[in-house]
Structure formats: C-alpha cells, structure tokens
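Student: This is the structure I want to talk about, given as structure tokens.
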Amino acid sequence: MNPPRHRNSIATRFAAATRAALAALFVLAASAPALAQSFQSLAPHAILLDSATGAVLYEKAADELMVPASLAKLATVLVAFQEIAQGRLTLDSEIGISENAWRKGGGISGGSTMFALVHSRIKLSDILQGIIVQSGNDASIALAEAIAGDEANFARLMTERVRALGLTKSVFRNATGMGDPEQRVTARELARLADHIIKTYPELYKIFGQREFTWNKIRQQNRNPLLTMDIGADGLKTGNIDEAGFGLVGSAVQKGQRLIVVVNGLKSGRDRAQEARKLLEWGFRSFEPRQLFADGEIVGEASVYGGAKGRVGLKAKGPVSLLLPRGSSDRLSARITYRGPLTVPVQEGAEVGRLLVTRGEIKTLDIPLYAAETVEAGSLQSRALDALMEAATGWVRKALGRT
C-alpha cells in the first residue's frame, strides 16, 4: 500500500492526537509597498535563477517543453565533464573525427562547426573548446561517438545523466541540438543544469568564458553576446534553429552574487541578447536576500507511522534563504510535501520531503528536506495506536479530498 502524499505546515501543526494529518499553509507577507512596475520579458520562455539560494526571481512558461537547439550541448558537455571527473577521459585524450562527424557537422554541413579535419585526432581539451566556444556540431558528434559508440547511444546517456540530477522533463535525441521531434527541454531544467555545471566543475566551467578559439587556422568568436557586455558574464551557451527561435543560457556575477538566465523562442539574435541582459540587470538591481531558516533550524515536522516518536523534525542542508523584490508586498506561500506518514526506521539525514515556496505564480524555492534525527520502531502498543489513528485520519483525509 502506497501511503498518500501529505502537506505539513511550517507555522502551525495539528495536535498530537491527529498525528497522521499533515496539511496546512505557511504564509509570509512583506509590509512595504509594491514595486511600481513588475518585469516583463518578450521571450516566450524565460527564467532567472539566483545560484546561491536557488530562488527563482522571474519565470515565464519555464516548465513548458521547448526546442533546445544548441542549448542541448550543455548536456553534451555535462557528460564529457563527468567522464573526466570519473577518470575515464582526460583533457589529453584524443578524439577521432569520423567521416560521419565531418559530413554531418563539419564545414560542408552549413551549420556551426569547429572545422575539424576528417580522420584527424584532436585532444579533448580542444574538442571542448570547439563545442563550447564555437558550438561545433562536428566536435559534438565526434565526442558522442568516442564516449558511446554513436550519437543515438550518447543521447540516451545525456538523458540518463540529467535524470540523475532530478531533471525529469528534458529528453535528448542527439549531441548537437539539431532538430528532432522528440528532443525537448524546459527553461527551468536548463537553468538547473547550468547551475550544476558551474558548481560541480568550476575549473572546466572556465572554458565557457573564453572569448574566442582558433582551429584549422580559422578564428571564431564565442557566440555568447553577454561576454562582451561588461555585466560580469562568464558563460554559458546560445542556440538557434528555425523551430526553436533564438535562445540563450547565460550566467553573470556581480558583487559575489551569481544569476543564471535562460531565454528561448525569440525572433533574432539581437532580441536574445537584449532580453537576457535586461533580465540579469533587473535581477541584480531589484532583489534583496531574506533568510527564512538558519542552518540546522527545524523547518517543520513529518508524521511517523509505528515509531518510538510520532513525528520527526525536518531541516534543510544549510540555511534557507531566498531573494525578494526590494520594497515588495508580494505574498509568499510555503508548504512542506512528503509521502507519509513515514515508516520506521527513519534515518537521520535521509531525504524525506521538500520545501516549496511560491511568490504569486512563481515557484521561488523548491529544496529537499532531511530527517533531523533517527526514529526507530516503537512498542507494539504504540504501533497499534498508530494503526488506529491512521485508519481514523484516513477517513478525514478522504472527506477533505486529500487521498
């Protein structure tokens, strides 16, 4: 039997006699007057994320599936970075350029390319620059063949790797971002992927900030327009095919604060650059930090079935903070979700729920919560009482439509 998902309150809890009932809302409200004007983007798909807190500052159709174009190469690079970190490849590993990679992604293809020579062998360090700086399709296909044998197998690996990061919607069918009816991503998942790359592979990430790269005596500028704007940008990637429009995943740092922006579906490269820049500048200018919970502070509780204790405290890893618009009266709603009541034993540090904070229609924060202590099985008498209480509260949940 799979127990139902419950929602527990942060500010108020049900009395101990109703230990299995788990739902309520915790509401914060700022008192200052609202901003005179809220931000609006021309991009059909957009999101602005604060890297340190995970707070979403702006979103528009951020969970709708969209065509990634070359933004898909972020997942291609992720796989390469993972292979390096796990010791299966080094930056000196040589990658062969097959005829398939040359014909499909080289100069004769008409797409973005690093102009690799057919049947040549190129160090992985240069292949990565070809992918990241020049958006080379030839380099992407060659990398895919070297790691997985062919591009189809590599695309399945791309999807598996992002699934392991908790990205549940994005699906990849090739290493380049070339059009495929089944290849789709979301703006939110691209932002989370970019954040993961930045935090997990800081040294390799520096390639994204490289302004140019010369290969086969052909010098090409980095296609990311943010790098030349003097706004602290240091990555990541652009994309454009007809069915996708113009898109960009970018990141910038000002005064120690890193923001990540995703825009997609715009009509021109100019629009893409302007919208990404506007979002970043607005984010740096318009928000201030707010700490909700200190490091180690109990955020809420989850009910435990058959345990020595009827509830267990929940906490995050580190302090829980988010960014709020300066002078805003935006209403924040927060809730804890978990599948429960939890069954014993509950191990300290086990991930058992999530804290979701919304600001209006924006999902501002969504982070995991962990058991603050271990709860072992209780006595036979307490387990029997829990069974009776669960049966009773089950009827209450059914009446309230929470099953």
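Chains: A, B, ... in order of the structure tokens. Residues: from 1 per chain. Ligands: from 1, in order shown.
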Considering only C-alpha atoms, return as a list in words whatever protein or nucleic-acid residues lie within 7 Å of Ile47 in chain A, sequence-local ones (same chain, fewer than 2 positions apart) excluded.
Tutor: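 Everything that qualifies: Leu49, Tyr58, Glu59, Lys60, Ala62, Ala187, Arg188, Val261, Val262 and Val263 of chain A.
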Student: How would the residues just chosen look if you wrote them out with N, CA and C atoms as a PDB file, in the first residue's frame?
Tutor:
```
ATOM      1  N   LEU A  49      17.422  32.747 -12.219  1.00  0.00           N
ATOM      2  CA  LEU A  49      17.681  31.963 -11.019  1.00  0.00           C
ATOM      3  C   LEU A  49      18.859  32.530 -10.255  1.00  0.00           C
ATOM      4  N   TYR A  58      12.375  35.295 -11.606  1.00  0.00           N
ATOM      5  CA  TYR A  58      11.409  35.552 -12.677  1.00  0.00           C
ATOM      6  C   TYR A  58      11.241  34.269 -13.477  1.00  0.00           C
ATOM      7  N   GLU A  59      10.026  34.020 -13.930  1.00  0.00           N
ATOM      8  CA  GLU A  59       9.819  32.885 -14.819  1.00  0.00           C
ATOM      9  C   GLU A  59       8.634  33.157 -15.742  1.00  0.00           C
ATOM     10  N   LYS A  60       8.716  32.577 -16.905  1.00  0.00           N
ATOM     11  CA  LYS A  60       7.647  32.682 -17.890  1.00  0.00           C
ATOM     12  C   LYS A  60       7.646  31.399 -18.707  1.00  0.00           C
ATOM     13  N   ALA A  62       8.253  28.549 -17.835  1.00  0.00           N
ATOM     14  CA  ALA A  62       9.542  27.905 -17.541  1.00  0.00           C
ATOM     15  C   ALA A  62       9.448  26.387 -17.485  1.00  0.00           C
ATOM     16  N   ALA A 187      12.953  25.559 -19.716  1.00  0.00           N
ATOM     17  CA  ALA A 187      13.846  26.629 -19.265  1.00  0.00           C
ATOM     18  C   ALA A 187      14.329  26.378 -17.842  1.00  0.00           C
ATOM     19  N   ARG A 188      13.430  25.892 -16.977  1.00  0.00           N
ATOM     20  CA  ARG A 188      13.812  25.655 -15.590  1.00  0.00           C
ATOM     21  C   ARG A 188      14.899  24.582 -15.502  1.00  0.00           C
ATOM     22  N   VAL A 261      20.399  32.944 -16.252  1.00  0.00           N
ATOM     23  CA  VAL A 261      19.258  33.336 -17.060  1.00  0.00           C
ATOM     24  C   VAL A 261      19.080  32.366 -18.218  1.00  0.00           C
ATOM     25  N   VAL A 262      17.832  32.080 -18.542  1.00  0.00           N
ATOM     26  CA  VAL A 262      17.500  31.303 -19.734  1.00  0.00           C
ATOM     27  C   VAL A 262      16.406  32.043 -20.483  1.00  0.00           C
ATOM     28  N   VAL A 263      16.615  32.276 -21.770  1.00  0.00           N
ATOM     29  CA  VAL A 263      15.564  32.799 -22.649  1.00  0.00           C
ATOM     30  C   VAL A 263      15.554  31.940 -23.908  1.00  0.00           C
TER      31      VAL A 263
END
```
Student: For range 69-75 of chain A, work out the shell of residues within 7 Å, counting only C-alpha atoms and skipping chain neighbours fewer than 2 positions away, then give it as an mmCIF file with N, CA and C atoms, in the first residue's frame.
Tutor:
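In the end it all went to result-v2.cif:
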```
data_model
loop_
_atom_site.group_PDB
_atom_site.id
_atom_site.type_symbol
_atom_site.label_atom_id
_atom_site.label_comp_id
_atom_site.auth_asym_id
_atom_site.auth_seq_id
_atom_site.Cartn_x
_atom_site.Cartn_y
_atom_site.Cartn_z
ATOM 1 N N VAL A 67 11.974 23.536 -27.851
ATOM 2 C CA VAL A 67 13.072 23.020 -28.676
ATOM 3 C C VAL A 67 14.374 23.676 -28.224
ATOM 4 N N VAL A 77 28.142 18.566 -22.932
ATOM 5 C CA VAL A 77 29.316 18.952 -22.148
ATOM 6 C C VAL A 77 29.263 18.333 -20.756
ATOM 7 N N LEU A 78 28.067 18.256 -20.173
ATOM 8 C CA LEU A 78 27.930 17.630 -18.859
ATOM 9 C C LEU A 78 28.497 16.214 -18.875
ATOM 10 N N VAL A 79 28.131 15.425 -19.882
ATOM 11 C CA VAL A 79 28.616 14.049 -19.959
ATOM 12 C C VAL A 79 30.138 14.031 -20.050
ATOM 13 N N MET A 158 22.911 11.137 -22.320
ATOM 14 C CA MET A 158 22.615 12.519 -21.924
ATOM 15 C C MET A 158 21.345 12.584 -21.083
ATOM 16 N N ALA A 175 23.523 14.912 -29.918
ATOM 17 C CA ALA A 175 24.515 15.660 -29.144
ATOM 18 C C ALA A 175 24.657 17.099 -29.588
ATOM 19 N N THR A 176 24.008 17.474 -30.686
ATOM 20 C CA THR A 176 24.227 18.779 -31.305
ATOM 21 C C THR A 176 23.122 19.788 -31.054
ATOM 22 N N GLY A 177 21.892 19.298 -30.831
ATOM 23 C CA GLY A 177 20.738 20.179 -30.767
ATOM 24 C C GLY A 177 20.043 20.333 -32.102
ATOM 25 N N MET A 178 20.487 19.581 -33.112
ATOM 26 C CA MET A 178 19.786 19.607 -34.387
ATOM 27 C C MET A 178 18.342 19.161 -34.196
ATOM 28 N N GLY A 179 17.457 19.628 -35.064
ATOM 29 C CA GLY A 179 16.034 19.395 -34.908
ATOM 30 C C GLY A 179 15.666 17.926 -34.824
ATOM 31 N N LYS A 237 25.807 29.419 -23.088
ATOM 32 C CA LYS A 237 25.607 28.867 -24.420
ATOM 33 C C LYS A 237 24.428 29.523 -25.128
ATOM 34 N N THR A 238 24.568 29.659 -26.459
ATOM 35 C CA THR A 238 23.471 30.136 -27.296
ATOM 36 C C THR A 238 22.935 28.993 -28.142
ATOM 37 N N GLY A 239 21.764 29.214 -28.748
ATOM 38 C CA GLY A 239 21.191 28.221 -29.639
ATOM 39 C C GLY A 239 20.231 28.867 -30.613
ATOM 40 N N ASN A 240 20.145 28.299 -31.817
ATOM 41 C CA ASN A 240 19.183 28.792 -32.806
ATOM 42 C C ASN A 240 19.000 27.789 -33.932
ATOM 43 N N ILE A 241 17.795 27.300 -34.092
ATOM 44 C CA ILE A 241 17.347 26.654 -35.316
ATOM 45 C C ILE A 241 15.937 27.182 -35.573
ATOM 46 N N ALA A 244 13.123 26.491 -33.130
ATOM 47 C CA ALA A 244 13.367 26.897 -31.745
ATOM 48 C C ALA A 244 13.356 28.405 -31.564
#
```
Student: If you run DSSP over the backbone, which residues in range 164-277 of chain A end up helix (DSSP H, G or I)? Put them as a PyMOL selection string.
Tutor: chain A and resi 164+187-200+202-209+225-228+269-277
Student: Could you list, as a PyMOL selection string, every residue within 10 Å of Leu167 in chain A, counting only C-alpha atoms and ignoring same-chain residues fewer than 6 positions away?
Tutor: chain A and resi 159-161+185-186+188-190+192-193
Student: Residues of range 82-112 of chain A that approach range 118-133 of chain A to 6 Å or less, counting only C-alpha atoms: could you list each one with the shortest pair of atoms and its distance in Å to one decimal, rows by chain and increasing residue number, as a tab-separated table?
Tutor:
```
residue	atom	partner	partner_atom	distance
A:Leu91	CA	A:Ser125	CA	4.7
A:Asp92	CA	A:Lys123	CA	5.2
A:Ser93	CA	A:Leu124	CA	5.5
A:Glu94	CA	A:Lys123	CA	4.4
A:Ile95	CA	A:Ile122	CA	5.2
A:Gly96	CA	A:Arg121	CA	4.4
A:Ile97	CA	A:His119	CA	5.0
A:Ser98	CA	A:His119	CA	5.5
A:Glu99	CA	A:Val118	CA	5.7
A:Trp102	CA	A:Val118	CA	5.6
```
Student: Would you compute the distance between CA of Glu351 in chain A and CA of Pro368 in chain A? Give it in Å to one decimal.
Tutor: 6.6 Å
Student: Give me the residues within 6 Å of Ala144 in chain A as an mmCIF file with C-alpha atoms, in the first residue's frame, counting only C-alpha atoms and dropping any in the same chain fewer than 4 places off.
Tutor:
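Final output, saved to result_9.cif:
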```cif
data_model
loop_
_atom_site.group_PDB
_atom_site.id
_atom_site.type_symbol
_atom_site.label_atom_id
_atom_site.label_comp_id
_atom_site.auth_asym_id
_atom_site.auth_seq_id
_atom_site.Cartn_x
_atom_site.Cartn_y
_atom_site.Cartn_z
ATOM 1 C CA ALA A 148 29.113 5.965 -26.517
ATOM 2 C CA GLU A 151 25.195 9.604 -31.324
ATOM 3 C CA PHE A 154 25.156 9.088 -26.411
#
```
Student: Which residues come within 12 Å of Arg258 in chain A, counting only C-alpha atoms, excluding same-chain residues fewer than 4 positions away, as number ranges by chain?
Tutor: A: 48-55, 194-195, 198-199, 231-235, 250-254, 280-281, 283-284
Student: Take the residues from that selection and put them in a file with C-alpha atoms, as a PDB file, in the first residue's frame.
Tutor:
```pdb
ATOM      1  CA  LEU A  48      16.070  33.951 -13.837  1.00  0.00           C
ATOM      2  CA  LEU A  49      17.681  31.963 -11.019  1.00  0.00           C
ATOM      3  CA  ASP A  50      19.827  33.014  -8.078  1.00  0.00           C
ATOM      4  CA  SER A  51      22.564  30.401  -7.842  1.00  0.00           C
ATOM      5  CA  ALA A  52      23.356  30.705  -4.131  1.00  0.00           C
ATOM      6  CA  THR A  53      19.806  30.326  -2.815  1.00  0.00           C
ATOM      7  CA  GLY A  54      18.113  28.561  -5.712  1.00  0.00           C
ATOM      8  CA  ALA A  55      15.495  31.320  -5.626  1.00  0.00           C
ATOM      9  CA  ALA A 194      23.781  25.215 -15.894  1.00  0.00           C
ATOM     10  CA  ASP A 195      23.894  25.752 -12.127  1.00  0.00           C
ATOM     11  CA  ILE A 198      29.048  25.788 -12.651  1.00  0.00           C
ATOM     12  CA  LYS A 199      29.129  24.448  -9.085  1.00  0.00           C
ATOM     13  CA  ILE A 231      27.979  42.841 -16.807  1.00  0.00           C
ATOM     14  CA  GLY A 232      30.052  40.103 -15.178  1.00  0.00           C
ATOM     15  CA  ALA A 233      29.014  37.359 -17.609  1.00  0.00           C
ATOM     16  CA  ASP A 234      31.206  34.234 -17.764  1.00  0.00           C
ATOM     17  CA  GLY A 235      29.066  31.695 -19.700  1.00  0.00           C
ATOM     18  CA  GLY A 250      23.773  32.740 -19.516  1.00  0.00           C
ATOM     19  CA  SER A 251      25.358  33.459 -16.161  1.00  0.00           C
ATOM     20  CA  ALA A 252      26.874  36.552 -14.603  1.00  0.00           C
ATOM     21  CA  VAL A 253      28.402  37.500 -11.263  1.00  0.00           C
ATOM     22  CA  GLN A 254      28.189  40.914  -9.587  1.00  0.00           C
ATOM     23  CA  LEU A 280      20.225  39.926 -15.480  1.00  0.00           C
ATOM     24  CA  GLU A 281      20.451  43.663 -14.847  1.00  0.00           C
ATOM     25  CA  GLY A 283      17.775  40.781 -11.119  1.00  0.00           C
ATOM     26  CA  PHE A 284      20.967  42.334  -9.763  1.00  0.00           C
TER      27      PHE A 284
END
```
Student: From the options A:Ser333, A:Thr343, A:Thr228, A:Ser170, which residue's atoms come nearest to Val304 in chain A, counting only C-alpha atoms?
Tutor: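 The answer is A:Thr343, which sits nearest to Val304 in chain A.
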Student: Go ahead and compute the interatomic distance for CA of Lys315 in chain A and CA of Ala377 in chain A, in Å to one decimal.
Tutor: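 Calculated distance between CA of Lys315 in chain A and CA of Ala377 in chain A is 21.3 Å.
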Student: Can you check which residues of range 187-301 of chain A DSSP gives as strand (DSSP E or B) on the backbone and send them as a PDB file with C-alpha atoms, in the first residue's frame?
Tutor:
```
ATOM      1  CA  GLU A 212      37.489  33.054 -28.958  1.00  0.00           C
ATOM      2  CA  PHE A 213      39.071  29.874 -30.287  1.00  0.00           C
ATOM      3  CA  THR A 214      41.124  29.168 -33.389  1.00  0.00           C
ATOM      4  CA  TRP A 215      41.140  25.759 -35.042  1.00  0.00           C
ATOM      5  CA  ILE A 218      40.022  29.644 -38.525  1.00  0.00           C
ATOM      6  CA  ARG A 219      39.428  32.053 -35.657  1.00  0.00           C
ATOM      7  CA  GLN A 220      35.900  32.210 -34.263  1.00  0.00           C
ATOM      8  CA  GLN A 221      34.392  34.391 -31.562  1.00  0.00           C
ATOM      9  CA  ALA A 233      29.014  37.359 -17.609  1.00  0.00           C
ATOM     10  CA  ASP A 234      31.206  34.234 -17.764  1.00  0.00           C
ATOM     11  CA  GLY A 235      29.066  31.695 -19.700  1.00  0.00           C
ATOM     12  CA  LEU A 236      27.188  29.661 -20.985  1.00  0.00           C
ATOM     13  CA  LYS A 237      25.607  28.867 -24.420  1.00  0.00           C
ATOM     14  CA  THR A 238      23.471  30.136 -27.296  1.00  0.00           C
ATOM     15  CA  GLY A 239      21.191  28.221 -29.639  1.00  0.00           C
ATOM     16  CA  ASN A 240      19.183  28.792 -32.806  1.00  0.00           C
ATOM     17  CA  ILE A 241      17.347  26.654 -35.316  1.00  0.00           C
ATOM     18  CA  GLY A 245      13.957  30.570 -32.429  1.00  0.00           C
ATOM     19  CA  PHE A 246      16.888  32.244 -30.703  1.00  0.00           C
ATOM     20  CA  GLY A 247      17.827  31.098 -27.213  1.00  0.00           C
ATOM     21  CA  LEU A 248      20.499  31.622 -24.588  1.00  0.00           C
ATOM     22  CA  VAL A 249      21.565  30.192 -21.252  1.00  0.00           C
ATOM     23  CA  GLY A 250      23.773  32.740 -19.516  1.00  0.00           C
ATOM     24  CA  SER A 251      25.358  33.459 -16.161  1.00  0.00           C
ATOM     25  CA  ALA A 252      26.874  36.552 -14.603  1.00  0.00           C
ATOM     26  CA  VAL A 253      28.402  37.500 -11.263  1.00  0.00           C
ATOM     27  CA  GLN A 254      28.189  40.914  -9.587  1.00  0.00           C
ATOM     28  CA  GLN A 257      26.135  37.139  -6.473  1.00  0.00           C
ATOM     29  CA  ARG A 258      25.641  34.779  -9.410  1.00  0.00           C
ATOM     30  CA  LEU A 259      22.484  34.825 -11.503  1.00  0.00           C
ATOM     31  CA  ILE A 260      21.578  32.333 -14.227  1.00  0.00           C
ATOM     32  CA  VAL A 261      19.258  33.336 -17.060  1.00  0.00           C
ATOM     33  CA  VAL A 262      17.500  31.303 -19.734  1.00  0.00           C
ATOM     34  CA  VAL A 263      15.564  32.799 -22.649  1.00  0.00           C
ATOM     35  CA  ASN A 264      14.287  30.979 -25.712  1.00  0.00           C
ATOM     36  CA  GLY A 265      11.969  31.390 -28.672  1.00  0.00           C
ATOM     37  CA  LEU A 266      12.994  34.940 -29.598  1.00  0.00           C
ATOM     38  CA  PHE A 287      16.241  41.978  -5.232  1.00  0.00           C
ATOM     39  CA  GLU A 288      17.468  41.638  -1.673  1.00  0.00           C
ATOM     40  CA  PRO A 289      18.173  38.495   0.376  1.00  0.00           C
ATOM     41  CA  ARG A 290      15.793  37.176   3.034  1.00  0.00           C
ATOM     42  CA  GLN A 291      16.728  34.300   5.338  1.00  0.00           C
ATOM     43  CA  LEU A 292      13.816  32.048   6.260  1.00  0.00           C
ATOM     44  CA  PHE A 293      15.623  29.478   8.406  1.00  0.00           C
ATOM     45  CA  GLY A 300       8.655  21.568  10.087  1.00  0.00           C
ATOM     46  CA  GLU A 301       7.704  18.043  11.051  1.00  0.00           C
TER      47      GLU A 301
END
```
Student: When you draw a straight line from CA of Ser135 in chain A to CA of Gly111 in chain A, how long is it in Å?
Tutor: 9.3 Å
Student: Considering only C-alpha atoms, can you say which of A:Asp180, A:Tyr338, A:Leu157, A:Pro225 comes closest to Gln82 in chain A?
Tutor: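 Once distances to Gln82 in chain A are computed over only C-alpha atoms, the minimum belongs to A:Leu157.
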Student: Rank A:Gly136, A:Thr358, A:Gln274, A:Gly306 by their smallest atom-to-atom distance to Leu42 in chain A, using only C-alpha atoms, and report the top residue only.
Tutor: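 Selected residue with least distance to Leu42 in chain A: A:Gln274.
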Student: Please provide the set of residues having any atom within 12 Å of Tyr370 in chain A, restricted to only C-alpha atoms, with same-chain residues fewer than 4 positions apart removed, written as JSON, numbers by chain.
Tutor: {"A": [296, 297, 298, 299, 300, 301, 302, 312, 313, 314, 315, 316, 317, 318, 336, 337, 338, 346, 347, 348, 349, 350, 351, 352, 353, 354, 355, 374]}
Student: Take the residues from that selection and write them out as a PDB file, in the first residue's frame, keeping C-alpha atoms.
Tutor:
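Written output follows (part14.pdb):
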```pdb
ATOM      1  CA  GLY A 296      20.192  23.443  11.294  1.00  0.00           C
ATOM      2  CA  GLU A 297      16.886  25.078  12.210  1.00  0.00           C
ATOM      3  CA  ILE A 298      13.851  22.799  12.168  1.00  0.00           C
ATOM      4  CA  VAL A 299      11.615  23.795   9.270  1.00  0.00           C
ATOM      5  CA  GLY A 300       8.655  21.568  10.087  1.00  0.00           C
ATOM      6  CA  GLU A 301       7.704  18.043  11.051  1.00  0.00           C
ATOM      7  CA  ALA A 302       6.613  14.839   9.360  1.00  0.00           C
ATOM      8  CA  VAL A 312      10.317  13.798  13.205  1.00  0.00           C
ATOM      9  CA  GLY A 313      11.756  17.244  12.634  1.00  0.00           C
ATOM     10  CA  LEU A 314      12.733  18.261   9.115  1.00  0.00           C
ATOM     11  CA  LYS A 315      15.594  20.557   8.157  1.00  0.00           C
ATOM     12  CA  ALA A 316      17.468  21.680   5.078  1.00  0.00           C
ATOM     13  CA  LYS A 317      21.166  21.350   4.401  1.00  0.00           C
ATOM     14  CA  GLY A 318      22.423  24.771   5.373  1.00  0.00           C
ATOM     15  CA  ILE A 336       6.175  21.034   3.025  1.00  0.00           C
ATOM     16  CA  THR A 337       5.315  17.968   0.983  1.00  0.00           C
ATOM     17  CA  TYR A 338       6.241  14.382   1.723  1.00  0.00           C
ATOM     18  CA  VAL A 346      13.682   6.848   9.688  1.00  0.00           C
ATOM     19  CA  GLN A 347      17.393   7.553   9.427  1.00  0.00           C
ATOM     20  CA  GLU A 348      18.857  10.901  10.408  1.00  0.00           C
ATOM     21  CA  GLY A 349      19.874  12.785   7.257  1.00  0.00           C
ATOM     22  CA  ALA A 350      17.545  10.831   4.972  1.00  0.00           C
ATOM     23  CA  GLU A 351      15.758  12.952   2.378  1.00  0.00           C
ATOM     24  CA  VAL A 352      12.073  12.649   3.235  1.00  0.00           C
ATOM     25  CA  GLY A 353      10.328  15.755   1.877  1.00  0.00           C
ATOM     26  CA  ARG A 354      10.581  19.073   0.084  1.00  0.00           C
ATOM     27  CA  LEU A 355      10.009  22.713   0.968  1.00  0.00           C
ATOM     28  CA  THR A 374      16.733   8.852  13.699  1.00  0.00           C
TER      29      THR A 374
END
```
Student: Quick one: of A:Ile367, A:Val320, A:Leu65, A:Ala155, who's nearest to Ala294 in chain A, counting only C-alpha atoms?
Tutor: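 Nearest to Ala294 in chain A: A:Val320.
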